[in-house]
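Below you'll find the structure, written out as C-alpha cells, and then a few comments.
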Amino acid sequence: MSDSLDKYHDPPEAVDPYLASTECLLVVLFPRSNSKNYPIALNIARGSARFAETDFTGKPMNMAAFASSPDDARRAVALLEYVRQWKGVMVFSGGKLVKNTWQLLQVVDCSLDASSCDDPSAHCDSVIDDPLVVDPQDMGLSVCIRLVAEPPEQHAVEIDRYLFPCKFLQNRFHFQPDHPSSLQNQIQAAAVEMGCNMCPCFDPNRFGRVGSRTVMRDGPDPAPWEVTPRFLEE
C-alpha cells in the first residue's frame, strides 16, 4: 500500500469493538484489501467519529466507530456498501456482532429518512386499529346469498385507533395478547431482535390510543364484546 495512505495511520491501539458499539451507532472492522476500492473505504472510515488501527484476535484491522448523527450514519452506509462483502469484515452494534448487515443497512437508511423530515414522527409513526381486538367477521370466510330485495341490516362498530411508533418494525411484528409484558415492552423487545432499537428516533413509549373510528357491519348488533386494554399504564 502506498505511503500516501500509510503516513496518516494512527498508532495501533487496543480497542474493544463490543464495548465501543454500545457508545455509538455502530462499529465496522475491516482488514487491508487488494480491492481497488480499499483507498476509498479507508478514506470514508477516517471520517468517522473515531478511527483507529487495531489488532483484533491477532489480526491487523481498521476500526471505524460511527456516531448517531445523520452525517456519520451516511458515512457508515457508504462504508458498508463498499466493504460488507469483503472477507473478514465485522460489524458491531449495541454490544453485539451483527449477523445480517443488509438488514442493518435498511435500519440505518430508514433512520436517515426520518432525520431528513421536519417532523420525524410523520415518517416513523402509523395509526393502526386496536391490535388486541379481533373482529368476529374477520375470523373466517362466509358466503351469504340474499333472496330478498331489502338492504341488509347493519350496525355501527367503534374501533379504537393506536399510534404504532416504528415504520420499520410495523409489518415485522405481532403483539402477543396473553403475554405478561406490556405492549410497549413487547415492541421494545422486538426492536432489539430486529436491530431497529439503534435508531435515535425509536421510542416504544409513544405507542398509545389516539382516537377511534366508526365502521358499519352487516347483521344485527351483536352481544357486547371487548378486550380490556391492560397495556396502557396510567
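By convention in this document, the chains of the C-alpha cells carry letters A, B, ... by their order, each chain's residues are numbered from 1, and ligands are numbered from 1 in the order they are shown.
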
Next item on the list: Do a neighbour search on Pro177 (chain A) at 9 Å with only C-alpha atoms, toss out local chain neighbours closer than 4 positions, and write the hits as a PyMOL selection string.
Entry: chain A and resi 131-132+183

Item checked: Neighbour list for region 68-84 of chain A as an MDAnalysis selection string, cut-off 10 Å, only C-alpha atoms, skip fewer than 5 positions in-chain -> chainID A and resid 23:31 33 35 37:38 40:49 89:91 101:102 104:106 108:109 111:116 198:200

Write out the residues from the selection above, keeping N, CA and C atoms, as a CSV table (one decimal), in the first residue's frame.
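Once written, out_24.csv looks like this:
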chain,number,residue,atom,x,y,z
A,23,GLU,N,-21.5,2.6,22.7
A,23,GLU,CA,-21.4,4.0,22.9
A,23,GLU,C,-21.6,4.8,21.6
A,24,CYS,N,-22.0,4.1,20.5
A,24,CYS,CA,-22.2,4.8,19.2
A,24,CYS,C,-23.2,4.1,18.4
A,25,LEU,N,-23.4,4.5,17.2
A,25,LEU,CA,-24.4,3.9,16.3
A,25,LEU,C,-23.9,2.5,15.9
A,26,LEU,N,-22.7,2.3,15.4
A,26,LEU,CA,-22.2,1.0,15.0
A,26,LEU,C,-20.7,1.1,14.8
A,27,VAL,N,-20.0,0.0,14.8
A,27,VAL,CA,-18.6,-0.1,14.6
A,27,VAL,C,-18.3,-1.1,13.5
A,28,VAL,N,-17.4,-0.7,12.6
A,28,VAL,CA,-17.0,-1.5,11.5
A,28,VAL,C,-15.6,-1.9,11.6
A,29,LEU,N,-15.2,-3.1,11.6
A,29,LEU,CA,-13.9,-3.6,11.5
A,29,LEU,C,-13.6,-4.2,10.1
A,30,PHE,N,-12.6,-3.7,9.4
A,30,PHE,CA,-12.3,-4.3,8.1
A,30,PHE,C,-10.8,-4.4,7.9
A,31,PRO,N,-10.3,-5.4,7.3
A,31,PRO,CA,-8.8,-5.6,7.1
A,31,PRO,C,-8.3,-4.9,5.8
A,33,SER,N,-7.1,-4.7,2.1
A,33,SER,CA,-7.7,-5.4,1.0
A,33,SER,C,-6.9,-5.0,-0.3
A,35,SER,N,-8.5,-4.8,-3.0
A,35,SER,CA,-9.6,-4.2,-3.8
A,35,SER,C,-9.2,-2.8,-4.2
A,37,ASN,N,-11.2,-0.5,-4.4
A,37,ASN,CA,-12.0,0.4,-3.6
A,37,ASN,C,-11.5,0.5,-2.2
A,38,TYR,N,-10.4,-0.1,-1.8
A,38,TYR,CA,-9.8,0.0,-0.4
A,38,TYR,C,-9.5,1.4,-0.1
A,40,ILE,N,-10.7,4.1,-1.1
A,40,ILE,CA,-12.0,4.9,-0.9
A,40,ILE,C,-12.6,4.5,0.5
A,41,ALA,N,-12.7,3.2,0.8
A,41,ALA,CA,-13.2,2.7,2.0
A,41,ALA,C,-12.4,3.3,3.2
A,42,LEU,N,-11.1,3.3,3.1
A,42,LEU,CA,-10.3,3.8,4.2
A,42,LEU,C,-10.5,5.3,4.4
A,43,ASN,N,-10.7,6.0,3.3
A,43,ASN,CA,-10.9,7.5,3.4
A,43,ASN,C,-12.3,7.7,4.1
A,44,ILE,N,-13.3,6.9,3.8
A,44,ILE,CA,-14.6,7.1,4.5
A,44,ILE,C,-14.5,6.8,5.9
A,45,ALA,N,-13.8,5.7,6.2
A,45,ALA,CA,-13.6,5.3,7.6
A,45,ALA,C,-12.9,6.3,8.5
A,46,ARG,N,-11.9,7.0,7.9
A,46,ARG,CA,-11.2,8.1,8.6
A,46,ARG,C,-12.1,9.3,8.9
A,47,GLY,N,-13.2,9.4,8.2
A,47,GLY,CA,-14.1,10.5,8.5
A,47,GLY,C,-15.1,10.2,9.6
A,48,SER,N,-15.0,9.0,10.2
A,48,SER,CA,-15.9,8.6,11.2
A,48,SER,C,-15.6,9.3,12.5
A,49,ALA,N,-16.5,9.1,13.5
A,49,ALA,CA,-16.3,9.8,14.8
A,49,ALA,C,-15.1,9.3,15.5
A,89,VAL,N,-14.7,-8.9,7.3
A,89,VAL,CA,-15.3,-7.7,7.8
A,89,VAL,C,-16.3,-8.1,8.9
A,90,MET,N,-16.3,-7.3,10.0
A,90,MET,CA,-17.2,-7.5,11.1
A,90,MET,C,-17.9,-6.2,11.5
A,91,VAL,N,-19.2,-6.2,11.8
A,91,VAL,CA,-19.9,-5.1,12.2
A,91,VAL,C,-20.5,-5.3,13.6
A,101,THR,N,-26.0,-7.8,7.9
A,101,THR,CA,-25.6,-6.4,7.6
A,101,THR,C,-26.6,-5.8,6.7
A,102,TRP,N,-27.2,-6.6,5.8
A,102,TRP,CA,-28.2,-6.0,4.9
A,102,TRP,C,-29.4,-5.4,5.7
A,104,LEU,N,-29.3,-4.4,8.7
A,104,LEU,CA,-28.7,-3.2,9.4
A,104,LEU,C,-28.7,-2.0,8.5
A,105,LEU,N,-28.3,-2.2,7.2
A,105,LEU,CA,-28.4,-1.1,6.3
A,105,LEU,C,-29.8,-0.5,6.1
A,106,GLN,N,-30.8,-1.4,6.0
A,106,GLN,CA,-32.1,-1.0,5.9
A,106,GLN,C,-32.6,-0.1,7.1
A,108,VAL,N,-30.6,1.7,9.1
A,108,VAL,CA,-29.9,3.0,9.1
A,108,VAL,C,-30.5,3.8,8.0
A,109,ASP,N,-30.8,3.3,6.8
A,109,ASP,CA,-31.5,4.1,5.8
A,109,ASP,C,-32.8,4.6,6.2
A,111,SER,N,-33.7,5.2,9.3
A,111,SER,CA,-33.3,6.3,10.3
A,111,SER,C,-32.9,7.6,9.6
A,112,LEU,N,-32.2,7.5,8.5
A,112,LEU,CA,-31.8,8.7,7.8
A,112,LEU,C,-33.0,9.4,7.1
A,113,ASP,N,-33.9,8.6,6.6
A,113,ASP,CA,-35.1,9.1,6.1
A,113,ASP,C,-35.9,9.9,7.2
A,114,ALA,N,-36.0,9.4,8.4
A,114,ALA,CA,-36.6,10.1,9.5
A,114,ALA,C,-35.9,11.4,9.8
A,115,SER,N,-34.6,11.3,9.9
A,115,SER,CA,-33.9,12.5,10.3
A,115,SER,C,-33.9,13.6,9.2
A,116,SER,N,-34.3,13.3,8.0
A,116,SER,CA,-34.4,14.3,6.9
A,116,SER,C,-35.8,15.0,6.9
A,198,MET,N,-31.6,0.7,17.5
A,198,MET,CA,-30.4,1.6,17.4
A,198,MET,C,-30.8,3.0,16.8
A,199,CYS,N,-32.0,3.1,16.2
A,199,CYS,CA,-32.5,4.3,15.6
A,199,CYS,C,-32.7,5.4,16.7
A,200,PRO,N,-32.1,6.6,16.5
A,200,PRO,CA,-32.3,7.6,17.5
A,200,PRO,C,-33.8,8.0,17.7

Next item on the list: Apply DSSP to the backbone of this structure and, from region 14-227 of chain A, keep only the residues in strand (DSSP E or B); write these as JSON, numbers by chain.
Entry: {"A": [26, 27, 28, 29, 30, 50, 51, 52, 53, 54, 55, 56, 59, 60, 61, 62, 63, 64, 65, 66, 90, 91, 92, 93, 96, 97, 126, 127, 128, 129, 154, 155, 156, 157, 158, 159, 160, 161, 162, 163, 164, 208, 209, 210, 211, 212, 213, 214, 215, 216, 217, 218]}

Margin query: One decimal, in Å: what's the spacing between CA of Phe51 (chain A) and CA of Gly95 (chain A)?
Written below: 17.7 Å

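In this comparison, which uses only C-alpha atoms, the residue of A:Ala65, A:Ala14, A:Val210, A:Met216 approaching Glu153 (chain A) most closely is A:Met216.
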
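Shortest separation to Asp203 (chain A) among A:Asp16, A:Asp125, A:Glu158, A:Asp119 occurs at residue A:Asp125, atoms counted being only C-alpha atoms.
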
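The two atoms in question, CA of Lys99 (chain A) and CA of Val15 (chain A), are spaced 20.4 Å apart.
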
Next item on the list: Give the answer as one residue: which of A:Gln103, A:Asn205, A:Gln170, A:Asn197 has the shortest atom-to-atom distance to Asn185 (chain A), using only C-alpha atoms?
Entry: A:Asn205

Next item on the list: Write down as an MDAnalysis selection string the residues belonging to region 45-124 of chain A that are assigned helix (DSSP H, G or I) by DSSP computed on the backbone.
Entry: chainID A and resid 45:46 70:83 101:115 120:124

Checklist line | Residues within 9 Å of Val157 (chain A), only C-alpha atoms, excluding chain neighbours under 2 positions, as a ChimeraX atom specification | finding: /A:155,159,213-217,221

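Nearest to Ile128 (chain A) of all the residues A:Gly211, A:Cys201, A:Met194, A:Gly58 is A:Gly211, counting only C-alpha atoms.
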
Checklist line | CA of Ile187 (chain A) to CA of Lys96 (chain A), straight-line distance in Å | finding: 19.6 Å
